[in-house]
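This is structure27.cif (mmCIF, C-alpha atoms and all ligand atoms).
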data_query
#
loop_
_atom_site.label_atom_id
_atom_site.label_comp_id
_atom_site.auth_asym_id
_atom_site.auth_seq_id
_atom_site.Cartn_x
_atom_site.Cartn_y
_atom_site.Cartn_z
CA MET A 14 29.88 11.00 1.92
CA SER A 15 28.21 14.13 3.20
CA ALA A 16 24.53 13.36 2.70
CA ILE A 17 22.38 14.16 5.67
CA LEU A 18 20.58 11.08 6.82
CA PRO A 19 17.43 11.10 8.92
CA GLY A 20 18.30 11.05 12.58
CA GLU A 21 21.77 12.36 11.99
CA SER A 22 22.59 15.68 13.54
CA THR A 23 22.91 18.62 11.22
CA GLU A 24 25.13 21.58 11.71
CA CYS A 25 25.18 25.05 10.23
CA PRO A 26 27.52 25.17 7.21
CA ILE A 27 28.56 28.71 8.18
CA CYS A 28 29.16 28.67 11.92
CA THR A 29 28.94 24.90 12.48
CA MET A 30 26.47 25.24 15.33
CA PRO A 31 24.54 21.99 15.70
CA ASP A 32 20.78 21.55 15.95
CA PRO A 33 19.48 24.22 13.57
CA LEU A 34 15.83 25.21 13.50
CA GLU A 35 13.82 23.28 10.96
CA ALA A 36 12.23 25.48 8.31
CA ALA A 37 9.65 24.46 5.72
CA ASP A 38 12.15 23.13 3.21
CA GLY A 39 15.39 23.22 5.06
CA PHE A 40 17.07 24.59 8.13
CA GLU A 41 17.70 27.93 9.76
CA CYS A 42 20.59 28.56 12.11
CA ALA A 43 19.50 30.21 15.36
CA THR A 44 23.00 31.50 15.95
CA CYS A 45 23.96 33.25 12.70
CA GLY A 46 20.64 33.29 10.85
CA HIS A 47 21.92 31.35 7.86
CA GLU A 48 19.23 29.42 6.01
CA TRP A 49 19.86 26.45 3.78
CA LEU A 50 17.97 23.73 2.01
CA ALA A 51 17.84 20.26 3.42
CA GLU A 52 19.69 17.65 1.43
CA LEU A 53 16.85 15.24 1.24
CA SER A 54 17.82 12.06 -0.44
CA ASP A 55 15.06 10.65 -2.61
CA GLY A 56 16.82 7.29 -2.72
CA LEU A 57 17.01 7.40 -6.51
CA ASP A 58 20.76 7.87 -6.60
CA ASN A 59 21.50 4.42 -5.29
CA ILE A 60 19.52 2.04 -7.45
CA ARG A 61 21.58 -0.90 -8.65
CA ASP A 62 21.01 -3.55 -11.26
CA ALA A 63 21.43 -7.30 -10.85
CA ASN A 64 25.20 -6.92 -11.03
CA GLY A 65 25.33 -4.13 -8.48
CA THR A 66 25.97 -1.46 -11.11
CA LEU A 67 24.47 1.93 -10.37
CA LEU A 68 21.62 2.88 -12.68
CA ALA A 69 20.79 6.41 -13.77
CA ASN A 70 18.07 8.11 -15.76
CA GLY A 71 18.66 7.64 -19.48
CA ASP A 72 20.51 4.33 -19.15
CA SER A 73 19.67 1.40 -21.38
CA VAL A 74 19.13 -1.91 -19.64
CA THR A 75 18.49 -5.51 -20.59
CA ILE A 76 15.91 -7.59 -18.76
CA ILE A 77 17.49 -10.76 -17.38
CA LYS A 78 14.39 -12.67 -16.36
CA ASP A 79 11.14 -13.53 -18.11
CA LEU A 80 8.54 -11.26 -16.59
CA LYS A 81 4.82 -11.77 -16.41
CA LEU A 82 2.69 -8.69 -16.51
CA ASP A 83 0.05 -8.39 -13.84
CA GLY A 84 -3.42 -9.04 -15.16
CA LYS A 85 -2.36 -9.04 -18.76
CA THR A 86 -1.56 -11.72 -21.22
CA GLY A 87 1.91 -11.88 -22.53
CA GLY A 88 4.95 -10.64 -20.81
CA VAL A 89 8.48 -9.59 -21.38
CA LYS A 90 11.20 -12.03 -22.26
CA ALA A 91 14.65 -12.10 -20.79
CA GLY A 92 16.98 -10.29 -23.14
CA THR A 93 14.51 -7.52 -23.95
CA LYS A 94 16.16 -4.12 -24.02
CA ILE A 95 14.71 -1.03 -22.45
CA LYS A 96 16.17 2.20 -23.74
CA SER A 97 16.37 5.43 -21.85
CA ILE A 98 14.99 4.31 -18.52
CA ARG A 99 13.68 6.60 -15.83
CA LEU A 100 14.18 5.80 -12.17
CA VAL A 101 11.16 6.06 -9.92
CA GLU A 102 10.40 5.50 -6.27
CA GLY A 103 8.91 2.22 -5.16
CA ASP A 104 9.85 -1.41 -5.34
CA HIS A 105 9.81 -1.39 -9.15
CA GLU A 106 12.40 1.28 -9.75
CA VAL A 107 12.97 1.09 -13.48
CA ASP A 108 10.40 2.84 -15.66
CA GLY A 109 10.69 2.34 -19.38
CA LYS A 110 8.92 1.38 -22.55
CA VAL A 111 8.96 -1.94 -24.32
CA ASN A 112 7.32 -2.05 -27.74
CA GLY A 113 5.57 1.19 -26.95
CA ARG A 114 4.14 -0.13 -23.71
CA ALA A 115 5.03 1.50 -20.41
CA LEU A 116 6.63 -0.93 -18.03
CA LEU A 117 7.90 -0.88 -14.46
CA VAL A 118 10.58 -3.40 -13.61
CA ARG A 119 12.51 -4.16 -10.48
CA ALA A 120 16.11 -3.05 -10.73
CA ALA A 121 17.18 -6.53 -9.61
CA PHE A 122 15.73 -7.97 -12.84
CA VAL A 123 17.75 -5.85 -15.23
CA LYS A 124 21.36 -5.25 -16.03
CA LYS A 125 22.88 -2.19 -17.55
CA ALA A 126 23.34 -2.61 -21.30
ZN ZN B 1 25.05 29.42 11.78
#
Show this structure as structure tokens.
Amino acid sequence: MSAILPGESTECPICTMPDPLEAADGFECATCGHEWLAELSDGLDNIRDANGTLLANGDSVTIIKDLKLDGKTGGVKAGTKIKSIRLVEGDHEVDGKVNGRALLVRAAFVKKA
């Protein structure tokens, strides 16, 4: 694991000097002048379904829980499949379409198909 986490010290990949200068979208080494992009994690590479399986864009998932839709009649039944999901930020990480309707679902309420 080499991802740079917030609060962790960063060092220059060329000369390994710690504490580089922070540039607009990355870092600049004050010692050798090397510039590189920050490895900012968007958190979308570690979204797991109800079974703890990693989800990725394009996966198909099955909903495991009857879901009510906010402010709308109807809902989505357990067992409904969502094809070709897209992962998004937020507490409802799975973006997909069911019967032509856009839907956001918590990753904990789906399992990978
Ligand atoms: Zn350097």
- Task: May I have the residues within 9 Å of Asp38 in chain A as a PyMOL selection string, using all atoms listed in the file and disregarding those fewer than 4 positions away in the same chain?
- Result: chain A and resi 49-51
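Nearest to ligand ZN 1 (chain B) of all the residues A:Thr44, A:Thr93, A:Thr66, A:Ser73 is A:Thr44, based on all atoms listed in the file.
CA of Ile60 in chain A is found 27.5 Å from CA of Phe40 in chain A.
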- For Gly71 in chain A, the nearest of the candidates A:Cys28, A:Val107, A:Val118, A:Val89, counting all atoms listed in the file: A:Val107
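For Lys124 in chain A, the set of protein, DNA and RNA residues having any atom at most 6 Å away, when counting all atoms listed in the file and skipping those fewer than 3 positions along the same chain, is Asp62, Ala63, Val74 and Thr75 of chain A.
Note that CA of Arg61 in chain A and CA of Asp108 in chain A are 13.7 Å apart.
The gap separating CA of Gly56 in chain A from CA of Ile95 in chain A is 21.5 Å, in Å to one decimal.
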List all protein, DNA and RNA residues that have at least one atom no more than 7 Å from any atom of ligand ZN 1 (chain B), counting only C-alpha atoms and all ligand atoms, and write them as a PDB file with C-alpha atoms, keeping the file's coordinate frame.
ATOM      1  CA  CYS A  25      25.180  25.050  10.230  1.00  0.00           C
ATOM      2  CA  PRO A  26      27.520  25.170   7.210  1.00  0.00           C
ATOM      3  CA  ILE A  27      28.560  28.710   8.180  1.00  0.00           C
ATOM      4  CA  CYS A  28      29.160  28.670  11.920  1.00  0.00           C
ATOM      5  CA  THR A  29      28.940  24.900  12.480  1.00  0.00           C
ATOM      6  CA  MET A  30      26.470  25.240  15.330  1.00  0.00           C
ATOM      7  CA  CYS A  42      20.590  28.560  12.110  1.00  0.00           C
ATOM      8  CA  ALA A  43      19.500  30.210  15.360  1.00  0.00           C
ATOM      9  CA  THR A  44      23.000  31.500  15.950  1.00  0.00           C
ATOM     10  CA  CYS A  45      23.960  33.250  12.700  1.00  0.00           C
ATOM     11  CA  GLY A  46      20.640  33.290  10.850  1.00  0.00           C
ATOM     12  CA  HIS A  47      21.920  31.350   7.860  1.00  0.00           C
TER      13      HIS A  47
END
- Message: For Val111 in chain A, find every residue with an atom within 8 Å (counting all atoms listed in the file), except residues of its own chain fewer than 2 positions away, and show them as a VMD selection string.
- Response: chain A and resid 93 to 95 109 113 to 116
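You can rank A:Ala69, A:Ala37, A:Leu57, A:Ala121 by their closest distance to Glu102 in chain A using all atoms listed in the file, and at the top of that list sits A:Leu57.
Candidate residues A:Leu117, A:Glu24, A:Gly65, A:Ile76 were compared for distance to Glu48 in chain A, and the nearest is A:Glu24, using only C-alpha atoms.
If all atoms listed in the file are the atoms counted, then among A:Leu82, A:Leu68, A:Val101, A:Thr23 the closest residue to Val123 in chain A is A:Leu68.
The shortest atom-to-atom distance to Glu106 in chain A, with only C-alpha atoms taken into account, belongs to A:Phe122 out of A:Ala91, A:Glu41, A:Phe122, A:Ile77.
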